[in-house]
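Reproduced below: structure-v7.cif, with mmCIF, N, CA and C atoms.
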data_coords
#
loop_
_atom_site.label_atom_id
_atom_site.label_comp_id
_atom_site.auth_asym_id
_atom_site.auth_seq_id
_atom_site.Cartn_x
_atom_site.Cartn_y
_atom_site.Cartn_z
N GLY L 1 -26.38 54.40 32.05
CA GLY L 1 -25.66 53.63 33.04
C GLY L 1 -25.34 52.24 32.52
N VAL L 2 -25.03 51.36 33.45
CA VAL L 2 -24.69 49.99 33.10
C VAL L 2 -25.65 48.97 33.70
N GLY L 3 -26.62 49.44 34.48
CA GLY L 3 -27.63 48.53 35.02
C GLY L 3 -27.30 47.96 36.38
N LEU L 4 -26.72 48.77 37.24
CA LEU L 4 -26.44 48.34 38.61
C LEU L 4 -27.13 49.27 39.60
N LEU L 5 -27.75 48.70 40.61
CA LEU L 5 -28.31 49.48 41.70
C LEU L 5 -27.46 49.19 42.93
N PHE L 6 -27.09 50.26 43.64
CA PHE L 6 -26.20 50.13 44.79
C PHE L 6 -26.90 50.56 46.07
N GLN L 7 -26.35 50.11 47.19
CA GLN L 7 -26.76 50.60 48.50
C GLN L 7 -25.53 50.65 49.38
N THR L 8 -25.59 51.45 50.43
CA THR L 8 -24.48 51.55 51.37
C THR L 8 -24.73 50.56 52.50
N SER L 9 -23.72 49.74 52.80
CA SER L 9 -23.86 48.75 53.87
C SER L 9 -23.67 49.42 55.23
N HIS L 10 -23.94 48.67 56.29
CA HIS L 10 -23.82 49.20 57.65
C HIS L 10 -22.40 49.65 57.97
N ASP L 11 -21.40 49.07 57.28
CA ASP L 11 -20.01 49.46 57.54
C ASP L 11 -19.48 50.48 56.52
N GLY L 12 -20.39 51.07 55.72
CA GLY L 12 -20.01 52.15 54.81
C GLY L 12 -19.56 51.72 53.43
N LYS L 13 -19.56 50.43 53.15
CA LYS L 13 -19.17 49.96 51.82
C LYS L 13 -20.33 50.13 50.85
N ILE L 14 -20.00 50.34 49.56
CA ILE L 14 -21.03 50.46 48.54
C ILE L 14 -21.19 49.09 47.90
N VAL L 15 -22.38 48.53 48.07
CA VAL L 15 -22.66 47.14 47.71
C VAL L 15 -23.67 47.09 46.57
N VAL L 16 -23.48 46.14 45.66
CA VAL L 16 -24.46 45.92 44.59
C VAL L 16 -25.74 45.38 45.22
N LYS L 17 -26.83 46.11 45.00
CA LYS L 17 -28.14 45.69 45.49
C LYS L 17 -28.85 44.86 44.44
N GLU L 18 -28.73 45.27 43.17
CA GLU L 18 -29.43 44.57 42.10
C GLU L 18 -28.69 44.76 40.78
N VAL L 19 -28.72 43.72 39.96
CA VAL L 19 -28.20 43.76 38.60
C VAL L 19 -29.42 43.74 37.69
N VAL L 20 -29.61 44.83 36.92
CA VAL L 20 -30.82 45.00 36.11
C VAL L 20 -30.74 44.13 34.85
N GLN L 21 -31.76 43.32 34.66
CA GLN L 21 -31.81 42.41 33.52
C GLN L 21 -31.71 43.15 32.19
N ASN L 22 -30.97 42.56 31.26
CA ASN L 22 -30.75 43.04 29.89
C ASN L 22 -29.82 44.25 29.78
N MET L 23 -29.33 44.74 30.89
CA MET L 23 -28.40 45.86 30.84
C MET L 23 -26.97 45.31 30.76
N SER L 24 -26.00 46.18 30.58
CA SER L 24 -24.62 45.78 30.35
C SER L 24 -24.05 44.94 31.50
N ALA L 25 -24.33 45.31 32.74
CA ALA L 25 -23.81 44.55 33.88
C ALA L 25 -24.38 43.14 33.90
N TRP L 26 -25.62 42.99 33.54
CA TRP L 26 -26.27 41.67 33.48
C TRP L 26 -25.67 40.85 32.34
N ARG L 27 -25.44 41.50 31.21
CA ARG L 27 -24.92 40.81 30.03
C ARG L 27 -23.49 40.32 30.23
N CYS L 28 -22.70 41.04 31.03
CA CYS L 28 -21.33 40.57 31.25
C CYS L 28 -21.30 39.35 32.15
N ASN L 29 -22.35 39.14 32.91
CA ASN L 29 -22.56 37.91 33.68
C ASN L 29 -21.47 37.63 34.72
N LEU L 30 -20.91 38.69 35.30
CA LEU L 30 -19.90 38.55 36.34
C LEU L 30 -20.37 39.06 37.69
N ILE L 31 -21.11 40.15 37.67
CA ILE L 31 -21.44 40.90 38.89
C ILE L 31 -22.65 40.28 39.57
N LYS L 32 -22.55 40.18 40.90
CA LYS L 32 -23.64 39.58 41.68
C LYS L 32 -24.03 40.53 42.82
N PRO L 33 -25.31 40.48 43.22
CA PRO L 33 -25.69 41.26 44.41
C PRO L 33 -24.81 40.86 45.59
N GLY L 34 -24.40 41.87 46.34
CA GLY L 34 -23.52 41.64 47.48
C GLY L 34 -22.06 41.98 47.19
N ASP L 35 -21.71 42.05 45.89
CA ASP L 35 -20.34 42.46 45.54
C ASP L 35 -20.13 43.91 45.96
N VAL L 36 -18.93 44.24 46.37
CA VAL L 36 -18.60 45.59 46.83
C VAL L 36 -17.82 46.30 45.72
N ILE L 37 -18.30 47.48 45.31
CA ILE L 37 -17.57 48.24 44.29
C ILE L 37 -16.44 49.00 44.96
N VAL L 38 -15.24 48.90 44.36
CA VAL L 38 -14.08 49.57 44.95
C VAL L 38 -13.41 50.55 43.98
N LYS L 39 -13.66 50.38 42.65
CA LYS L 39 -13.02 51.26 41.66
C LYS L 39 -13.98 51.54 40.51
N VAL L 40 -13.88 52.75 39.99
CA VAL L 40 -14.50 53.10 38.71
C VAL L 40 -13.37 53.66 37.87
N GLY L 41 -13.02 52.93 36.80
CA GLY L 41 -11.82 53.30 36.06
C GLY L 41 -10.62 53.17 36.97
N HIS L 42 -9.88 54.26 37.14
CA HIS L 42 -8.71 54.25 38.03
C HIS L 42 -9.00 54.95 39.35
N VAL L 43 -10.26 55.27 39.61
CA VAL L 43 -10.63 56.02 40.81
C VAL L 43 -11.11 55.08 41.91
N ASN L 44 -10.48 55.17 43.08
CA ASN L 44 -10.91 54.41 44.24
C ASN L 44 -12.20 55.05 44.77
N VAL L 45 -13.28 54.27 44.85
CA VAL L 45 -14.56 54.83 45.29
C VAL L 45 -14.97 54.33 46.67
N GLN L 46 -14.06 53.69 47.37
CA GLN L 46 -14.39 53.23 48.71
C GLN L 46 -14.64 54.44 49.62
N ASN L 47 -15.66 54.36 50.43
CA ASN L 47 -16.04 55.39 51.39
C ASN L 47 -16.46 56.70 50.74
N GLN L 48 -16.89 56.66 49.48
CA GLN L 48 -17.41 57.85 48.83
C GLN L 48 -18.93 57.78 48.81
N PRO L 49 -19.59 58.94 48.75
CA PRO L 49 -21.05 58.95 48.69
C PRO L 49 -21.55 58.33 47.38
N LEU L 50 -22.76 57.78 47.43
CA LEU L 50 -23.37 57.18 46.23
C LEU L 50 -23.47 58.19 45.08
N ALA L 51 -23.70 59.45 45.38
CA ALA L 51 -23.82 60.47 44.34
C ALA L 51 -22.53 60.58 43.52
N ASN L 52 -21.38 60.49 44.18
CA ASN L 52 -20.10 60.53 43.46
C ASN L 52 -19.95 59.32 42.55
N LEU L 53 -20.35 58.18 43.05
CA LEU L 53 -20.27 56.95 42.28
C LEU L 53 -21.12 57.05 41.02
N ARG L 54 -22.31 57.57 41.18
CA ARG L 54 -23.23 57.72 40.05
C ARG L 54 -22.62 58.59 38.95
N GLU L 55 -22.01 59.70 39.34
CA GLU L 55 -21.39 60.61 38.37
C GLU L 55 -20.25 59.92 37.61
N LEU L 56 -19.50 59.06 38.29
CA LEU L 56 -18.38 58.38 37.65
C LEU L 56 -18.84 57.29 36.67
N ILE L 57 -19.94 56.62 37.00
CA ILE L 57 -20.41 55.50 36.17
C ILE L 57 -21.18 55.98 34.95
N LEU L 58 -22.02 56.99 35.13
CA LEU L 58 -22.84 57.46 34.01
C LEU L 58 -21.96 58.11 32.95
N GLY L 59 -22.40 58.00 31.69
CA GLY L 59 -21.66 58.59 30.59
C GLY L 59 -22.43 58.41 29.29
N GLU L 60 -21.82 58.81 28.21
CA GLU L 60 -22.45 58.73 26.89
C GLU L 60 -22.70 57.27 26.51
N PRO L 61 -23.88 56.97 25.97
CA PRO L 61 -24.14 55.61 25.48
C PRO L 61 -23.08 55.22 24.44
N GLY L 62 -22.63 53.99 24.53
CA GLY L 62 -21.61 53.49 23.60
C GLY L 62 -20.20 53.60 24.13
N THR L 63 -20.00 54.39 25.18
CA THR L 63 -18.68 54.47 25.79
C THR L 63 -18.55 53.35 26.83
N TYR L 64 -17.34 53.02 27.18
CA TYR L 64 -17.09 51.92 28.12
C TYR L 64 -16.61 52.44 29.46
N VAL L 65 -16.93 51.69 30.50
CA VAL L 65 -16.45 51.98 31.84
C VAL L 65 -16.01 50.64 32.46
N THR L 66 -14.91 50.69 33.20
CA THR L 66 -14.42 49.51 33.89
C THR L 66 -14.63 49.70 35.39
N LEU L 67 -15.33 48.75 35.98
CA LEU L 67 -15.61 48.80 37.42
C LEU L 67 -14.84 47.68 38.11
N GLY L 68 -14.31 47.99 39.27
CA GLY L 68 -13.59 47.00 40.08
C GLY L 68 -14.42 46.64 41.30
N PHE L 69 -14.49 45.35 41.59
CA PHE L 69 -15.31 44.84 42.70
C PHE L 69 -14.50 43.90 43.57
N SER L 70 -14.96 43.75 44.80
CA SER L 70 -14.44 42.68 45.66
C SER L 70 -15.63 41.81 46.04
N ARG L 71 -15.35 40.52 46.19
CA ARG L 71 -16.42 39.57 46.48
C ARG L 71 -16.01 38.65 47.63
N GLY L 72 -16.96 38.39 48.48
CA GLY L 72 -16.77 37.40 49.53
C GLY L 72 -15.94 37.89 50.69
N ALA L 73 -15.84 37.01 51.68
CA ALA L 73 -15.11 37.35 52.91
C ALA L 73 -13.63 37.59 52.64
N ALA L 74 -13.08 36.91 51.63
CA ALA L 74 -11.66 37.09 51.31
C ALA L 74 -11.42 38.35 50.49
N GLY L 75 -12.50 38.99 50.01
CA GLY L 75 -12.34 40.21 49.24
C GLY L 75 -11.71 39.99 47.88
N GLN L 76 -12.07 38.88 47.23
CA GLN L 76 -11.52 38.55 45.92
C GLN L 76 -11.84 39.68 44.94
N PHE L 77 -10.81 40.27 44.31
CA PHE L 77 -10.97 41.42 43.42
C PHE L 77 -11.13 40.97 41.98
N TYR L 78 -12.03 41.64 41.26
CA TYR L 78 -12.16 41.43 39.83
C TYR L 78 -12.65 42.71 39.18
N GLU L 79 -12.46 42.82 37.87
CA GLU L 79 -12.90 43.98 37.11
C GLU L 79 -13.86 43.54 36.01
N ALA L 80 -14.78 44.44 35.66
CA ALA L 80 -15.72 44.18 34.58
C ALA L 80 -15.79 45.43 33.70
N LYS L 81 -15.53 45.26 32.41
CA LYS L 81 -15.62 46.37 31.46
C LYS L 81 -16.98 46.28 30.78
N MET L 82 -17.73 47.40 30.83
CA MET L 82 -19.09 47.40 30.31
C MET L 82 -19.37 48.61 29.44
N MET L 83 -20.24 48.40 28.46
CA MET L 83 -20.68 49.50 27.60
C MET L 83 -21.85 50.20 28.27
N ARG L 84 -21.81 51.51 28.28
CA ARG L 84 -22.92 52.30 28.82
C ARG L 84 -24.04 52.34 27.79
N GLY L 85 -25.29 52.37 28.28
CA GLY L 85 -26.43 52.51 27.39
C GLY L 85 -27.64 51.74 27.89
N THR L 86 -28.78 52.05 27.30
CA THR L 86 -30.02 51.35 27.65
C THR L 86 -30.00 49.95 27.03
N ALA L 87 -30.94 49.12 27.44
CA ALA L 87 -31.03 47.77 26.87
C ALA L 87 -31.25 47.84 25.36
N ASP L 88 -32.10 48.76 24.89
CA ASP L 88 -32.33 48.90 23.45
C ASP L 88 -31.05 49.32 22.73
N TYR L 89 -30.33 50.26 23.31
CA TYR L 89 -29.08 50.72 22.71
C TYR L 89 -28.09 49.55 22.60
N LEU L 90 -27.99 48.77 23.68
CA LEU L 90 -27.06 47.65 23.69
C LEU L 90 -27.45 46.60 22.65
N ASP L 91 -28.76 46.35 22.50
CA ASP L 91 -29.22 45.39 21.49
C ASP L 91 -28.75 45.79 20.10
N LYS L 92 -28.73 47.08 19.82
CA LYS L 92 -28.37 47.57 18.49
C LYS L 92 -26.86 47.71 18.29
N HIS L 93 -26.11 47.97 19.36
CA HIS L 93 -24.71 48.35 19.20
C HIS L 93 -23.68 47.40 19.81
N MET L 94 -24.08 46.55 20.71
CA MET L 94 -23.11 45.67 21.35
C MET L 94 -22.86 44.47 20.46
N PRO L 95 -21.60 44.11 20.25
CA PRO L 95 -21.31 42.91 19.46
C PRO L 95 -22.02 41.69 20.05
N ARG L 96 -22.55 40.86 19.19
CA ARG L 96 -23.36 39.71 19.62
C ARG L 96 -22.64 38.81 20.62
N GLN L 97 -21.35 38.54 20.43
CA GLN L 97 -20.65 37.62 21.32
C GLN L 97 -20.53 38.17 22.74
N GLN L 98 -20.75 39.49 22.93
CA GLN L 98 -20.65 40.07 24.27
C GLN L 98 -22.01 40.18 24.95
N GLN L 99 -23.09 39.84 24.25
CA GLN L 99 -24.40 40.09 24.82
C GLN L 99 -24.80 39.13 25.92
N GLN L 100 -24.41 37.88 25.86
CA GLN L 100 -24.76 36.96 26.93
C GLN L 100 -23.68 35.89 27.02
N ALA L 101 -22.54 36.30 27.48
CA ALA L 101 -21.42 35.37 27.61
C ALA L 101 -21.67 34.43 28.78
N PRO L 102 -21.09 33.23 28.73
CA PRO L 102 -21.21 32.35 29.88
C PRO L 102 -20.54 32.98 31.10
N ALA L 103 -20.97 32.60 32.26
CA ALA L 103 -20.51 33.23 33.50
C ALA L 103 -19.19 32.66 33.98
N PRO L 104 -18.08 33.31 33.63
CA PRO L 104 -16.82 32.86 34.21
C PRO L 104 -16.70 33.40 35.63
N GLU L 105 -16.02 32.68 36.46
CA GLU L 105 -15.76 33.19 37.80
C GLU L 105 -14.68 34.25 37.69
N PRO L 106 -14.71 35.26 38.55
CA PRO L 106 -13.67 36.27 38.50
C PRO L 106 -12.31 35.64 38.73
N PRO L 107 -11.27 36.19 38.12
CA PRO L 107 -9.94 35.61 38.31
C PRO L 107 -9.50 35.71 39.76
N GLN L 108 -8.81 34.71 40.20
CA GLN L 108 -8.31 34.72 41.57
C GLN L 108 -7.00 35.46 41.61
N GLN L 109 -6.85 36.32 42.58
CA GLN L 109 -5.65 37.14 42.69
C GLN L 109 -4.57 36.43 43.50
N GLN L 110 -3.43 36.24 42.87
CA GLN L 110 -2.23 35.74 43.51
C GLN L 110 -2.45 34.49 44.34
N GLN L 111 -3.26 33.60 43.83
CA GLN L 111 -3.43 32.32 44.49
C GLN L 111 -2.99 31.25 43.52
N GLN L 112 -2.22 30.33 44.02
CA GLN L 112 -1.76 29.25 43.17
C GLN L 112 -2.76 28.11 43.28
N ALA L 113 -2.82 27.34 42.23
CA ALA L 113 -3.70 26.18 42.24
C ALA L 113 -3.21 25.21 43.31
N PRO L 114 -4.15 24.55 43.98
CA PRO L 114 -3.72 23.59 45.00
C PRO L 114 -2.98 22.43 44.33
N PRO L 115 -2.05 21.83 45.05
CA PRO L 115 -1.32 20.70 44.46
C PRO L 115 -2.28 19.56 44.18
N PRO L 116 -2.00 18.74 43.17
CA PRO L 116 -2.90 17.63 42.88
C PRO L 116 -2.93 16.68 44.06
N PRO L 117 -4.09 16.06 44.27
CA PRO L 117 -4.18 15.14 45.42
C PRO L 117 -3.21 13.98 45.23
N GLN L 118 -2.59 13.59 46.32
CA GLN L 118 -1.65 12.48 46.24
C GLN L 118 -2.44 11.19 46.23
N GLN L 119 -1.99 10.28 45.39
CA GLN L 119 -2.68 9.01 45.31
C GLN L 119 -2.30 8.18 46.52
N GLN L 120 -3.30 7.57 47.09
CA GLN L 120 -3.05 6.72 48.23
C GLN L 120 -3.14 5.27 47.76
N SER L 121 -2.13 4.51 48.11
CA SER L 121 -2.17 3.12 47.70
C SER L 121 -3.02 2.34 48.68
N TYR L 122 -3.65 1.34 48.16
CA TYR L 122 -4.51 0.50 48.98
C TYR L 122 -3.67 -0.57 49.64
N GLN L 123 -3.72 -0.61 50.94
CA GLN L 123 -3.00 -1.63 51.70
C GLN L 123 -4.02 -2.53 52.36
N PRO L 124 -4.14 -3.76 51.90
CA PRO L 124 -5.13 -4.65 52.53
C PRO L 124 -4.74 -4.94 53.97
N ARG L 125 -5.75 -5.07 54.78
CA ARG L 125 -5.51 -5.43 56.18
C ARG L 125 -5.28 -6.93 56.28
N PRO L 126 -4.52 -7.35 57.28
CA PRO L 126 -4.35 -8.80 57.46
C PRO L 126 -5.68 -9.43 57.86
N ALA L 127 -5.85 -10.68 57.47
CA ALA L 127 -7.08 -11.40 57.81
C ALA L 127 -7.18 -11.50 59.32
N PRO L 128 -8.41 -11.41 59.85
CA PRO L 128 -8.56 -11.51 61.30
C PRO L 128 -8.15 -12.91 61.78
N THR L 129 -7.61 -12.95 62.98
CA THR L 129 -7.24 -14.24 63.57
C THR L 129 -8.50 -14.91 64.08
N SER L 130 -8.45 -16.20 64.28
CA SER L 130 -9.64 -16.92 64.74
C SER L 130 -10.00 -16.46 66.14
N VAL L 131 -11.27 -16.53 66.43
CA VAL L 131 -11.78 -16.08 67.72
C VAL L 131 -11.66 -17.22 68.70
N GLN L 132 -11.06 -16.97 69.81
CA GLN L 132 -10.91 -17.98 70.86
C GLN L 132 -12.15 -17.96 71.74
N SER L 133 -12.68 -19.11 72.06
CA SER L 133 -13.83 -19.14 72.96
C SER L 133 -13.33 -18.97 74.37
N THR L 134 -14.15 -18.39 75.19
CA THR L 134 -13.77 -18.16 76.58
C THR L 134 -14.74 -18.87 77.47
N SER L 135 -14.41 -18.96 78.70
CA SER L 135 -15.29 -19.64 79.65
C SER L 135 -16.51 -18.80 79.95
N ASN L 136 -16.48 -17.51 79.65
CA ASN L 136 -17.62 -16.62 79.91
C ASN L 136 -18.52 -16.52 78.68
N ALA L 137 -18.54 -17.50 77.85
CA ALA L 137 -19.34 -17.44 76.63
C ALA L 137 -20.80 -17.32 76.99
N ASN L 138 -21.55 -16.65 76.17
CA ASN L 138 -22.97 -16.44 76.39
C ASN L 138 -23.70 -17.74 76.15
N PRO L 139 -24.38 -18.28 77.16
CA PRO L 139 -25.06 -19.59 76.99
C PRO L 139 -26.18 -19.53 75.95
N SER L 140 -26.75 -18.36 75.71
CA SER L 140 -27.84 -18.29 74.74
C SER L 140 -27.33 -18.49 73.33
N LEU L 141 -26.01 -18.42 73.14
CA LEU L 141 -25.45 -18.60 71.81
C LEU L 141 -24.98 -20.03 71.59
N SER L 142 -25.16 -20.91 72.57
CA SER L 142 -24.70 -22.28 72.40
C SER L 142 -25.62 -23.01 71.43
N SER L 143 -25.13 -24.11 70.89
CA SER L 143 -25.94 -24.85 69.91
C SER L 143 -27.13 -25.47 70.59
N MET L 144 -28.19 -25.63 69.84
CA MET L 144 -29.42 -26.18 70.40
C MET L 144 -29.30 -27.70 70.50
N PRO L 145 -29.97 -28.30 71.51
CA PRO L 145 -29.89 -29.77 71.66
C PRO L 145 -30.65 -30.50 70.58
#
Before we go any further, please render this structure as structure tokens.
Amino acid sequence: GVGLLFQTSHDGKIVVKEVVQNMSAWRCNLIKPGDVIVKVGHVNVQNQPLANLRELILGEPGTYVTLGFSRGAAGQFYEAKMMRGTADYLDKHMPRQQQQAPAPEPPQQQQQAPPPPQQQSYQPRPAPTSVQSTSNANPSLSSMP
């Protein structure tokens, strides 16, 4: 496999329960618990039993599988290509640069970058006008004799 444990959520989605340390899914550093798996290769796996998912993911060590996930309330989609095999197999056969890559965020789908913030010019306020004394002035604030 690739080192992912799944569970079915209350609404029938297949959710990542755990990413197994030192396995391919952990090494790709993209997948997080709570992500929803939606594709294995080109196969839509939404609303399928866990047993079907297992059959699609498992394969010969050294072969690759691409899994598609959605993350968060917005359902941001991303894919992760992983080599099948045990941690020992991966140590021996996976190219070094792929073993612990830094964690990039999944690409955002069809969202444009927000426009740069507009610079606001500083406008000084006018100086306050002098305070006029009134006949109702507080006597406790008067000067001492």
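In this comparison, which uses all atoms listed in the file, the residue of L:Val2, L:Val65, L:Val36, L:Val45 approaching Val20 (chain L) most closely is L:Val2.
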(request) Measuring atom to atom with all atoms listed in the file, identify which of L:Ile37, L:Pro49, L:Arg84, L:Leu56 is nearest to Gly68 (chain L). (result) L:Ile37
(message) As an exercise, work out the distance from atom N of Ser9 (chain L) to CA of Gly85 (chain L) in Å and give it to one decimal place.
(response) 25.7 Å
(request) May I have all residues of region 15-102 of chain L that DSSP, computed from the backbone, assigns to helix (DSSP H, G or I), given as a PyMOL selection string? (result) chain L and resi 24-28+50-57+87-93+96-98
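Relative to CA of Phe77 (chain L), atom N of Lys17 (chain L) is found at 16.6 Å.
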Do you know which residues the PyMOL selection byres ((chain L and resi 39) around 8) returns on this file, as a compact mmCIF listing (two decimals) with N, CA and C atoms, in the frame of the given file?
# COMPACT_ATOMS: atom_id res chain seq x y z
N VAL L 36 -18.93 44.24 46.37
CA VAL L 36 -18.60 45.59 46.83
C VAL L 36 -17.82 46.30 45.72
N ILE L 37 -18.30 47.48 45.31
CA ILE L 37 -17.57 48.24 44.29
C ILE L 37 -16.44 49.00 44.96
N VAL L 38 -15.24 48.90 44.36
CA VAL L 38 -14.08 49.57 44.95
C VAL L 38 -13.41 50.55 43.98
N VAL L 40 -13.88 52.75 39.99
CA VAL L 40 -14.50 53.10 38.71
C VAL L 40 -13.37 53.66 37.87
N GLY L 41 -13.02 52.93 36.80
CA GLY L 41 -11.82 53.30 36.06
C GLY L 41 -10.62 53.17 36.97
N HIS L 42 -9.88 54.26 37.14
CA HIS L 42 -8.71 54.25 38.03
C HIS L 42 -9.00 54.95 39.35
N VAL L 43 -10.26 55.27 39.61
CA VAL L 43 -10.63 56.02 40.81
C VAL L 43 -11.11 55.08 41.91
N ASN L 44 -10.48 55.17 43.08
CA ASN L 44 -10.91 54.41 44.24
C ASN L 44 -12.20 55.05 44.77
N VAL L 45 -13.28 54.27 44.85
CA VAL L 45 -14.56 54.83 45.29
C VAL L 45 -14.97 54.33 46.67
N GLN L 46 -14.06 53.69 47.37
CA GLN L 46 -14.39 53.23 48.71
C GLN L 46 -14.64 54.44 49.62
N THR L 66 -14.91 50.69 33.20
CA THR L 66 -14.42 49.51 33.89
C THR L 66 -14.63 49.70 35.39
N LEU L 67 -15.33 48.75 35.98
CA LEU L 67 -15.61 48.80 37.42
C LEU L 67 -14.84 47.68 38.11
N GLY L 68 -14.31 47.99 39.27
CA GLY L 68 -13.59 47.00 40.08
C GLY L 68 -14.42 46.64 41.30
N PHE L 69 -14.49 45.35 41.59
CA PHE L 69 -15.31 44.84 42.70
C PHE L 69 -14.50 43.90 43.57
N SER L 70 -14.96 43.75 44.80
CA SER L 70 -14.44 42.68 45.66
C SER L 70 -15.63 41.81 46.04
(message) To one decimal place in Å, what is the distance between CA of Gln76 (chain L) and atom N of Val15 (chain L)?
(response)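 Computing it gives 14.9 Å between the two atoms.
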(request) Would you please work out which residue, of L:Leu5, L:Ala25, L:Val19, L:Ile14, is nearest to Met82 (chain L) when using only N, CA and C atoms? (result)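 Smallest separation from Met82 (chain L) among the options: L:Ala25.
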(request) Any chance you could resolve the PyMOL selection byres (((chain L and resi 24 and name CA) around 9) and name CA) against this file and give the residues as a PyMOL selection string? (result) chain L and resi 1-4+20-23+25-29+82-87+90+99
(request) Mind checking which residues fall within 9 Å of His93 (chain L), counting only C-alpha atoms, ignoring those fewer than 4 positions away in the same chain, and posting them as a list of chain:residue names? (result)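 Listed by chain and then number, they are L:Gly62, L:Asp88, L:Tyr89.
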(request) Point out the residue among L:Arg71, L:Lys92, L:Lys81, L:Lys13 with the least atom-to-atom distance to Leu53 (chain L), counting only C-alpha atoms. (result) L:Lys13
(message) Calculated over only C-alpha atoms, which of the candidates L:Thr63, L:Val16, L:Ala80, L:Asn47 has the smallest distance to Lys32 (chain L)?
(response)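 Result for the nearest residue to Lys32 (chain L): L:Val16.
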